[in-house]
>>> print(open('work_16.cif').read())   # mmCIF, C-alpha atoms
data_coords
#
loop_
_atom_site.label_atom_id
_atom_site.label_comp_id
_atom_site.auth_asym_id
_atom_site.auth_seq_id
_atom_site.Cartn_x
_atom_site.Cartn_y
_atom_site.Cartn_z
CA MET A 222 19.67 -118.19 -60.37
CA PRO A 223 18.40 -117.08 -63.77
CA SER A 224 20.06 -118.67 -66.73
CA SER A 225 21.90 -116.64 -69.30
CA ALA A 226 18.84 -116.70 -71.58
CA SER A 227 16.36 -115.51 -68.96
CA PRO A 228 15.90 -111.80 -68.29
CA THR A 229 17.75 -110.16 -65.45
CA ASP A 230 15.98 -108.88 -62.38
CA GLU A 231 16.44 -105.34 -63.64
CA GLU A 232 14.84 -106.17 -66.99
CA LEU A 233 11.92 -107.79 -65.21
CA ALA A 234 11.56 -104.68 -63.07
CA ARG A 235 11.42 -102.50 -66.17
CA ARG A 236 8.75 -104.73 -67.65
CA ALA A 237 6.82 -104.62 -64.39
CA GLN A 238 7.02 -100.85 -64.46
CA ALA A 239 5.42 -100.99 -67.87
CA GLY A 240 2.52 -102.95 -66.40
CA CYS A 241 3.57 -106.57 -66.80
CA MET A 242 2.36 -108.37 -63.66
CA ALA A 243 3.91 -111.62 -64.77
CA SER A 244 7.33 -109.99 -64.63
CA PHE A 245 6.75 -108.83 -61.09
CA GLU A 246 5.55 -112.29 -60.13
CA GLU A 247 8.77 -113.74 -61.50
CA LEU A 248 10.73 -111.27 -59.36
CA VAL A 249 8.79 -112.46 -56.33
CA ARG A 250 9.62 -116.07 -57.16
CA ARG A 251 13.32 -115.30 -57.53
CA LEU A 252 13.77 -113.10 -54.48
CA GLN A 253 11.32 -114.51 -51.94
CA GLY A 254 13.78 -117.03 -50.54
CA PRO A 255 16.81 -114.74 -50.15
CA LEU A 256 14.65 -111.96 -48.73
CA VAL A 257 12.96 -114.17 -46.14
CA HIS A 258 16.34 -115.67 -45.24
CA PHE A 259 17.75 -112.18 -44.66
CA LEU A 260 14.74 -110.93 -42.71
CA ARG A 261 14.81 -113.94 -40.43
CA GLN A 262 18.19 -112.80 -39.16
CA THR A 263 17.00 -109.56 -37.59
CA ALA A 264 13.20 -109.54 -37.66
CA PRO A 265 11.04 -110.18 -34.61
CA PRO A 266 10.29 -113.84 -34.18
CA ASP A 267 7.77 -115.29 -36.65
CA GLU A 268 7.41 -112.01 -38.52
CA ALA A 269 9.78 -112.64 -41.38
CA ASP A 270 7.06 -113.91 -43.73
CA ASP A 271 4.78 -110.97 -42.96
CA LEU A 272 7.63 -108.56 -43.46
CA ALA A 273 8.50 -110.20 -46.76
CA GLN A 274 4.92 -109.75 -47.92
CA ASP A 275 4.97 -106.09 -46.84
CA THR A 276 8.29 -105.60 -48.59
CA PHE A 277 7.07 -106.90 -51.93
CA LEU A 278 3.85 -104.92 -51.62
CA ARG A 279 5.78 -101.74 -50.82
CA ALA A 280 8.11 -102.42 -53.71
CA TYR A 281 5.18 -102.85 -56.09
CA GLU A 282 3.51 -99.66 -54.92
CA ASN A 283 6.75 -97.73 -55.40
CA LEU A 284 7.91 -99.49 -58.54
CA HIS A 285 7.94 -96.21 -60.44
CA ARG A 286 10.67 -94.97 -58.09
CA TYR A 287 13.09 -97.71 -59.00
CA ASN A 288 15.40 -96.05 -61.46
CA GLY A 289 17.85 -98.86 -62.13
CA SER A 290 20.78 -97.11 -60.45
CA SER A 291 21.20 -100.19 -58.24
CA ARG A 292 20.34 -103.83 -58.58
CA PHE A 293 16.68 -104.57 -58.01
CA GLY A 294 17.58 -106.99 -55.22
CA THR A 295 19.52 -104.25 -53.46
CA TRP A 296 16.53 -101.93 -53.70
CA LEU A 297 14.24 -104.67 -52.41
CA PHE A 298 16.53 -105.53 -49.50
CA THR A 299 16.73 -101.86 -48.58
CA ILE A 300 12.96 -101.71 -48.26
CA GLY A 301 12.91 -104.96 -46.33
CA ARG A 302 15.55 -103.90 -43.85
CA ARG A 303 13.80 -100.61 -43.13
CA LEU A 304 10.50 -102.38 -42.54
CA CYS A 305 12.31 -104.82 -40.28
CA LEU A 306 13.84 -102.02 -38.24
CA ASN A 307 10.44 -100.38 -37.86
CA ALA A 308 8.96 -103.68 -36.73
CA ASN A 309 11.70 -104.10 -34.15
CA ARG A 310 11.03 -100.61 -32.90
CA ARG A 311 7.34 -101.42 -32.47
CA ALA A 312 8.18 -104.70 -30.76
CA ARG A 313 10.55 -103.11 -28.28
CA PRO A 314 9.04 -102.73 -24.80
CA ALA A 315 8.06 -99.17 -24.02
CA GLY A 316 10.66 -97.29 -22.05
CA GLU A 317 13.53 -99.51 -23.05
CA ALA A 318 16.27 -97.42 -24.57
CA PRO A 319 17.66 -98.73 -27.84
CA LEU A 320 21.17 -100.07 -27.86
CA PRO A 321 23.60 -97.63 -29.40
CA ASP A 322 24.23 -98.24 -33.04
CA ALA A 323 27.73 -99.10 -34.12
CA VAL A 324 29.10 -95.64 -34.78
CA GLU A 325 31.74 -95.32 -37.40
CA GLY A 326 35.10 -95.10 -35.74
CA HIS A 327 33.93 -96.62 -32.48
CA ASP A 328 34.05 -100.27 -31.58
CA PRO A 329 30.77 -101.81 -30.55
CA SER A 330 30.40 -103.35 -27.14
CA PRO A 331 33.22 -105.85 -26.61
CA PRO A 332 32.35 -109.45 -27.39
CA GLN A 333 31.33 -111.63 -24.52
CA VAL A 334 33.96 -113.81 -23.01
CA ALA A 335 33.83 -117.10 -24.86
CA SER A 336 32.41 -119.68 -22.56
CA GLU A 337 32.81 -123.37 -23.07
CA ARG A 338 29.37 -123.39 -24.65
CA GLU A 339 30.16 -120.54 -27.02
CA ARG A 340 33.29 -122.23 -28.25
CA HIS A 341 31.04 -124.99 -29.49
CA ALA A 342 28.58 -122.50 -30.98
CA ARG A 343 28.29 -121.97 -34.70
CA LEU A 344 29.93 -119.05 -36.33
CA TRP A 345 26.71 -117.16 -37.12
CA GLN A 346 25.75 -117.47 -33.49
CA VAL A 347 29.07 -115.95 -32.53
CA ALA A 348 28.41 -113.22 -35.06
CA ALA A 349 24.98 -112.59 -33.57
CA ARG A 350 26.48 -112.16 -30.12
CA SER A 351 29.55 -110.12 -30.99
CA LEU A 352 28.42 -107.90 -33.86
CA SER A 353 25.98 -105.03 -33.92
CA GLU A 354 22.94 -105.29 -36.16
CA PRO A 355 24.41 -103.22 -38.98
CA GLU A 356 27.64 -105.23 -38.83
CA TYR A 357 25.72 -108.50 -38.84
CA SER A 358 23.70 -107.34 -41.84
CA VAL A 359 26.86 -106.24 -43.63
CA VAL A 360 28.49 -109.63 -43.06
CA TRP A 361 25.34 -111.43 -44.18
CA LEU A 362 24.90 -109.40 -47.32
CA HIS A 363 28.58 -109.79 -48.19
CA TYR A 364 29.04 -113.50 -47.61
CA VAL A 365 25.58 -114.94 -48.18
CA GLU A 366 24.16 -112.59 -50.81
CA GLY A 367 27.47 -111.72 -52.45
CA MET A 368 26.67 -108.02 -52.62
CA ALA A 369 29.31 -105.46 -53.45
CA THR A 370 30.23 -102.90 -50.81
CA ALA A 371 28.42 -100.13 -52.66
CA GLU A 372 25.23 -102.16 -52.77
CA ILE A 373 25.59 -103.13 -49.11
CA GLY A 374 26.03 -99.47 -48.28
CA ARG A 375 22.70 -98.69 -49.94
CA VAL A 376 20.92 -101.37 -47.93
CA VAL A 377 22.31 -100.44 -44.53
CA GLY A 378 22.52 -96.70 -45.20
CA ARG A 379 26.28 -96.37 -44.84
CA SER A 380 29.08 -95.16 -47.05
CA ARG A 381 31.35 -97.60 -48.85
CA VAL A 382 34.17 -96.69 -46.51
CA ALA A 383 32.00 -97.38 -43.49
CA VAL A 384 30.93 -100.72 -44.92
CA LYS A 385 34.55 -101.71 -45.54
CA THR A 386 35.46 -100.70 -42.02
CA MET A 387 32.63 -102.69 -40.53
CA LEU A 388 33.54 -105.66 -42.67
CA PHE A 389 37.16 -105.46 -41.62
CA ARG A 390 36.32 -105.35 -37.92
CA SER A 391 33.76 -108.11 -38.21
CA ARG A 392 36.14 -110.38 -40.09
CA ARG A 393 38.75 -109.94 -37.41
CA LYS A 394 36.36 -111.05 -34.68
CA LEU A 395 34.94 -113.91 -36.69
CA MET A 396 38.34 -115.22 -37.68
CA GLU A 397 39.31 -115.54 -34.03
CA ALA A 398 36.12 -117.44 -33.37
CA LEU A 399 36.67 -119.53 -36.48
CA ASP A 400 40.06 -120.66 -35.21
CA GLU A 401 38.51 -121.82 -31.98
CA LEU A 402 35.67 -123.59 -33.72
CA GLU A 403 38.05 -125.40 -36.04
CA GLN A 404 40.18 -126.46 -33.10
CA ASP A 405 37.09 -127.87 -31.46
CA ASP A 406 36.21 -129.66 -34.67
CA ARG A 407 39.61 -131.28 -34.79
CA ARG A 408 39.28 -132.37 -31.20
CA GLY A 409 35.89 -133.83 -31.98
CA ARG A 410 34.01 -131.62 -29.55
CA ARG A 411 31.75 -130.06 -32.18
CA PRO A 412 28.04 -130.47 -31.36
CA PRO A 413 25.56 -131.57 -34.03
CA LEU A 414 24.91 -128.88 -36.60
CA ALA A 415 21.55 -127.34 -35.73
CA ALA A 416 19.80 -124.30 -37.09
CA PRO A 417 21.68 -121.34 -35.68
CA PRO A 418 19.91 -118.76 -33.60
CA THR A 419 19.35 -115.56 -35.46
CA HIS A 420 20.80 -112.22 -34.44
CA LYS A 421 17.46 -111.36 -32.86
CA ALA A 422 17.43 -114.47 -30.71
CA ALA A 423 21.05 -114.10 -29.75
CA THR A 424 20.61 -110.54 -28.56
CA GLY A 425 17.31 -111.18 -26.81
CA GLY A 426 15.30 -109.02 -29.16
CA ARG A 427 17.35 -105.92 -28.61
CA ALA A 428 18.51 -105.08 -32.10
CA GLU A 429 20.00 -101.68 -32.71
CA LEU A 430 17.57 -99.36 -34.34
CA PRO A 431 19.04 -96.62 -36.45
CA GLY A 432 16.45 -94.33 -37.90
CA GLY A 433 14.64 -96.02 -40.70
CA VAL A 434 13.41 -93.93 -43.58
CA GLU A 435 10.45 -95.10 -45.54
CA PRO A 436 11.12 -95.33 -49.25
CA MET B 199 50.28 -110.90 -41.90
CA ASN B 200 51.35 -112.97 -44.85
CA PRO B 201 48.96 -112.08 -47.71
CA ASN B 202 48.65 -115.73 -48.67
CA LYS B 203 47.78 -116.68 -45.13
CA SER B 204 45.31 -113.83 -44.93
CA ASN B 205 43.63 -114.95 -48.14
CA GLU B 206 43.50 -118.49 -46.87
CA LYS B 207 41.83 -117.43 -43.64
CA GLU B 208 39.37 -115.27 -45.58
CA ALA B 209 38.54 -118.23 -47.79
CA ARG B 210 37.94 -120.45 -44.78
CA LEU B 211 35.75 -117.81 -43.19
CA HIS B 212 33.76 -117.40 -46.38
CA ALA B 213 33.29 -121.13 -46.75
CA ARG B 214 32.19 -121.57 -43.16
CA LEU B 215 29.71 -118.70 -43.19
CA THR B 216 28.11 -119.70 -46.48
CA ALA B 217 27.92 -123.35 -45.45
CA GLU B 218 26.24 -122.54 -42.17
CA ALA B 219 23.80 -120.15 -43.86
CA ALA B 220 22.92 -122.79 -46.43
CA VAL B 221 21.77 -125.19 -43.70
CA ASP B 222 18.66 -123.18 -42.88
CA ARG B 223 18.04 -121.49 -46.23
CA PRO B 224 14.25 -121.40 -46.55
CA GLU B 225 12.62 -123.28 -49.36
CA PHE B 226 10.36 -121.45 -51.75
CA SER B 227 6.94 -121.16 -50.12
CA GLU B 228 4.03 -121.37 -52.54
CA ARG B 229 1.70 -120.31 -49.75
CA LEU B 230 3.68 -117.15 -49.07
CA HIS B 231 3.91 -116.51 -52.81
CA ARG B 232 0.10 -116.63 -53.13
CA ARG B 233 -0.24 -114.25 -50.20
CA ILE B 234 2.16 -111.82 -51.76
CA MET B 235 0.57 -111.90 -55.18
CA GLN B 236 -2.92 -111.52 -53.72
CA SER B 237 -1.88 -108.38 -51.85
CA VAL B 238 -0.05 -107.04 -54.89
CA SER B 239 -2.98 -107.71 -57.20
CA ALA B 240 -5.32 -105.90 -54.83
CA ALA B 241 -3.07 -102.84 -54.71
CA PRO B 242 -3.64 -99.97 -57.12
CA ARG B 243 -1.45 -100.05 -60.16
CA PRO B 244 1.59 -97.85 -59.60
CA PRO B 245 2.10 -94.86 -61.88
CA ALA B 246 4.52 -95.09 -64.72
CA PRO B 247 7.98 -93.80 -63.96
CA ALA B 248 8.65 -90.26 -65.14
CA PRO B 249 10.60 -89.94 -68.42
CA ALA B 250 14.31 -89.58 -67.99
CA ARG B 251 14.54 -86.07 -69.44
CA ARG B 252 11.94 -84.80 -67.01
CA ARG B 253 13.39 -86.68 -64.09
CA VAL B 254 14.67 -83.58 -62.37
CA ALA B 255 14.52 -83.51 -58.62
CA LEU B 256 12.56 -80.68 -57.08
CA GLY B 257 15.58 -79.80 -55.00
CA PHE B 258 17.76 -79.44 -58.10
CA GLY B 259 15.25 -77.10 -59.71
CA LEU B 260 14.95 -74.99 -56.62
CA ALA B 261 18.73 -74.89 -56.26
CA GLY B 262 19.05 -73.64 -59.80
CA LEU B 263 16.44 -70.94 -59.21
CA ALA B 264 18.18 -69.87 -56.04
CA ALA B 265 21.56 -69.76 -57.75
CA SER B 266 20.20 -67.66 -60.62
CA ALA B 267 18.46 -65.28 -58.26
CA ALA B 268 21.60 -64.90 -56.17
CA LEU B 269 23.65 -64.21 -59.28
CA VAL B 270 21.29 -61.53 -60.57
CA LEU B 271 21.01 -59.96 -57.15
CA GLY B 272 24.77 -59.95 -56.73
CA VAL B 273 25.29 -58.21 -60.04
CA TRP B 274 22.56 -55.71 -59.29
CA LEU B 275 24.09 -54.89 -55.93
CA ALA B 276 27.54 -54.65 -57.45
CA ARG B 277 26.22 -52.16 -59.99
CA GLY B 278 24.82 -50.08 -57.21
CA VAL B 279 28.07 -50.11 -55.29
CA ASP B 280 30.05 -49.34 -58.37
CA GLN B 281 27.85 -46.40 -59.31
CA ASP B 282 28.30 -44.99 -55.84
CA SER B 283 32.02 -45.41 -56.00
CA THR B 284 32.09 -43.86 -59.45
CA ALA B 285 30.19 -40.83 -58.19
CA GLU B 286 32.72 -40.39 -55.42
CA GLN B 287 35.66 -40.45 -57.68
CA PRO B 288 37.46 -37.19 -57.71
CA SER B 289 36.94 -35.21 -60.85
CA PRO B 290 39.93 -34.54 -62.99
CA PRO B 291 42.06 -31.84 -61.55
CA ARG B 292 41.10 -28.31 -62.50
CA LEU B 293 43.31 -26.55 -64.87
CA THR B 294 45.17 -23.68 -63.27
CA ARG B 295 47.95 -21.62 -64.46
CA ASP B 296 51.06 -21.89 -62.58
CA VAL B 297 52.14 -18.53 -61.33
CA ALA B 298 55.81 -17.95 -61.51
CA VAL B 299 57.06 -16.07 -58.61
CA GLU B 300 59.18 -13.34 -60.06
CA PRO B 301 62.02 -12.32 -57.90
CA SER B 302 61.18 -9.00 -56.33
CA PRO B 303 63.38 -6.06 -57.36
CA GLU B 304 63.21 -4.83 -53.84
CA PRO B 305 66.17 -5.41 -51.74
CA ALA B 306 66.50 -8.82 -50.35
CA LEU B 307 64.42 -9.33 -47.32
CA ASP B 308 64.75 -11.74 -44.57
CA PRO B 309 63.79 -15.05 -46.08
CA ARG B 310 61.48 -15.68 -43.18
CA ASP B 311 59.35 -12.69 -44.27
CA VAL B 312 58.92 -13.83 -47.78
CA PRO B 313 55.57 -15.53 -48.20
CA GLU B 314 55.66 -19.01 -49.58
CA ALA B 315 55.10 -19.25 -53.25
CA SER B 316 51.89 -21.05 -54.24
CA PRO B 317 52.54 -24.64 -55.20
CA ALA B 318 52.92 -25.09 -58.86
CA VAL B 319 50.05 -27.00 -60.37
CA ALA B 320 51.01 -28.54 -63.62
CA THR B 321 48.55 -28.38 -66.41
CA PRO B 322 48.03 -31.94 -67.64
CA PRO B 323 48.70 -32.20 -71.26
CA ASP B 324 45.80 -32.84 -73.60
CA ALA B 325 46.56 -36.54 -74.04
CA ASP B 326 46.39 -37.16 -70.33
CA ARG B 327 43.10 -35.25 -70.08
CA VAL B 328 41.56 -37.39 -72.75
CA ALA B 329 42.83 -40.54 -71.08
CA ALA B 330 41.32 -39.50 -67.74
CA LEU B 331 38.02 -38.72 -69.45
CA VAL B 332 37.98 -42.11 -71.14
CA ASP B 333 38.81 -43.87 -67.87
CA THR B 334 35.93 -42.29 -65.97
CA THR B 335 33.50 -42.93 -68.78
CA PHE B 336 34.54 -46.54 -69.08
CA THR B 337 34.46 -47.11 -65.34
CA GLY B 338 30.96 -45.77 -65.17
CA SER B 339 29.65 -47.91 -67.96
CA GLN B 340 31.63 -51.12 -67.68
CA TRP B 341 28.83 -52.84 -65.80
CA ALA B 342 26.21 -52.01 -68.40
CA TYR B 343 27.01 -54.82 -70.81
CA LEU B 344 27.83 -57.23 -68.04
CA ASP B 345 24.41 -56.62 -66.54
CA HIS B 346 22.87 -57.31 -69.91
CA ASP B 347 24.82 -60.53 -70.23
CA ILE B 348 23.83 -61.64 -66.77
CA ARG B 349 20.18 -61.09 -67.58
CA LEU B 350 20.55 -63.15 -70.73
CA MET B 351 22.29 -65.94 -68.86
CA ALA B 352 19.73 -66.00 -66.09
CA GLY B 353 17.00 -66.23 -68.66
CA MET B 354 18.71 -69.14 -70.37
CA VAL B 355 19.12 -70.96 -67.08
CA LEU B 356 15.51 -70.39 -66.12
CA ASP B 357 14.32 -71.61 -69.51
CA HIS B 358 16.07 -74.92 -68.93
CA ILE B 359 14.67 -75.53 -65.49
CA PRO B 360 11.48 -77.59 -65.86
CA PHE B 361 8.60 -76.31 -63.87
CA GLU B 362 6.47 -79.39 -64.48
CA PHE B 363 7.22 -81.85 -61.82
CA PRO B 364 5.95 -85.43 -61.60
CA GLU B 365 2.86 -85.98 -59.54
CA ALA B 366 3.46 -86.51 -55.89
CA ASP B 367 3.28 -90.19 -55.07
CA ALA B 368 2.10 -91.54 -51.80
CA PRO B 369 4.27 -94.37 -50.63
#
>>> encode(input="work_16.cif", output="structure tokens")
Amino acid sequence: MPSSASPTDEELARRAQAGCMASFEELVRRLQGPLVHFLRQTAPPDEADDLAQDTFLRAYENLHRYNGSSRFGTWLFTIGRRLCLNANRRARPAGEAPLPDAVEGHDPSPPQVASERERHARLWQVAARSLSEPEYSVVWLHYVEGMATAEIGRVVGRSRVAVKTMLFRSRRKLMEALDELEQDDRRGRRPPLAAPPTHKAATGGRAELPGGVEP
Amino acid sequence: MNPNKSNEKEARLHARLTAEAAVDRPEFSERLHRRIMQSVSAAPRPPAPAPARRRVALGFGLAGLAASAALVLGVWLARGVDQDSTAEQPSPPRLTRDVAVEPSPEPALDPRDVPEASPAVATPPDADRVAALVDTTFTGSQWAYLDHDIRLMAGMVLDHIPFEFPEADAP
């Protein structure tokens, strides 16, 4: 996190627009980690780094289009998510129909019945199995990246109301799973904490693919 | 649900999700950073962003043009309709003298044989004639100044719509 004396991401972006490569490099240093972390959740296996590189390159090429109406990180994550969705579409086997996206007002497919193994699973794994891709991304951006609902809406291409609705539904499911996990913890049944499977791994590579629009 | 309990559950959920995410947060990769900067350095320098005062979307400009054109066309059509309706307005009533039907000195006839007297047509007084003349004149010309104003307004709108758009950028 930048200190109070260091320039904000938005200021660095303005300097980069003016031609300062060092400012753009500083943006890459600050946002590489969070971006890769986010892309790993829904990208095809082992493609997160490549997608991160493509995202920064696309952001640089379109730097003149960043107008400061949103945080630079939001703009960057928007590009990254769209590239990730396109990559998933290319990786999907030919002829396989995409899973329906979570439509506003409709519940996604009901969560799988919690097996003994799932009750011991970590909460993000439960999220990966029970939430649609947009919902998973919304939860991630809210809790891990601390984005506001308006910013999240820009990234996932939804209205603020839709984001709040998705967040509400997702919280409800995750809180039920959290109760079970905490009960297991108290009973001492919790397995060692390992790296959780991503949403891609949990859904077998069948992420929902709403239409992605290139910036 | 008790708001306090709801907040507590939300706090627990937040803590759990962030803690789990922190376990596999990737470290900064110098190798990936070099890759990124190499690709960025090799890319052509992006154009400078357009100045704020010229940052008018093409759609907004076209919408303004369309609105102005629709306004001018609407006024022009309305003038045409109004001129037609003005031409169809009945002219002021002709002046006729009322003819008083004098009672005939002849012996009274059967009332059914007496022809009906012509309806009396009142001669409008001079003031009313002038008022009718003014009304028709005004009705026929009331659109003249409005049309002029509309043309002025359309010109002002068009003058403020920039026709120089930023260069098209290939993503």
>>> atom_distance(input="work_16.cif", atom1="atom CA of Leu344 of chain A", atom2="atom CA of Ala269 of chain A")
21.7 Å
>>> residues_near_point(input="work_16.cif", point="(30.8, -111.9, -32.0)", cutoff="7 Å", atoms="only C-alpha atoms", output="PyMOL selection string")
chain A and resi 332+347-352+394-395
>>> write_last_selection(input="work_16.cif", atoms="C-alpha atoms", output="PDB file, in the coordinates of the input")
ATOM      1  CA  PRO A 332      32.350-109.450 -27.390  1.00  0.00           C
ATOM      2  CA  VAL A 347      29.070-115.950 -32.530  1.00  0.00           C
ATOM      3  CA  ALA A 348      28.410-113.220 -35.060  1.00  0.00           C
ATOM      4  CA  ALA A 349      24.980-112.590 -33.570  1.00  0.00           C
ATOM      5  CA  ARG A 350      26.480-112.160 -30.120  1.00  0.00           C
ATOM      6  CA  SER A 351      29.550-110.120 -30.990  1.00  0.00           C
ATOM      7  CA  LEU A 352      28.420-107.900 -33.860  1.00  0.00           C
ATOM      8  CA  LYS A 394      36.360-111.050 -34.680  1.00  0.00           C
ATOM      9  CA  LEU A 395      34.940-113.910 -36.690  1.00  0.00           C
TER      10      LEU A 395
END
>>> resolve_selection(input="work_16.cif", expression="the PyMOL selection byres ((chain A) within 9 of (chain B))", output="PyMOL selection string")
chain A and resi 238-240+242+246+249-251+253-255+257-258+270-271+273-275+277-279+281-288+343-345+361+364-365+392+395-396+399+414-417+435-436
>>> atom_distance(input="work_16.cif", atom1="atom CA of Ser353 of chain A", atom2="atom CA of Asp400 of chain A")
21.1 Å
>>> atom_distance(input="work_16.cif", atom1="atom CA of Ala243 of chain A", atom2="atom CA of Ala280 of chain A")
15.0 Å
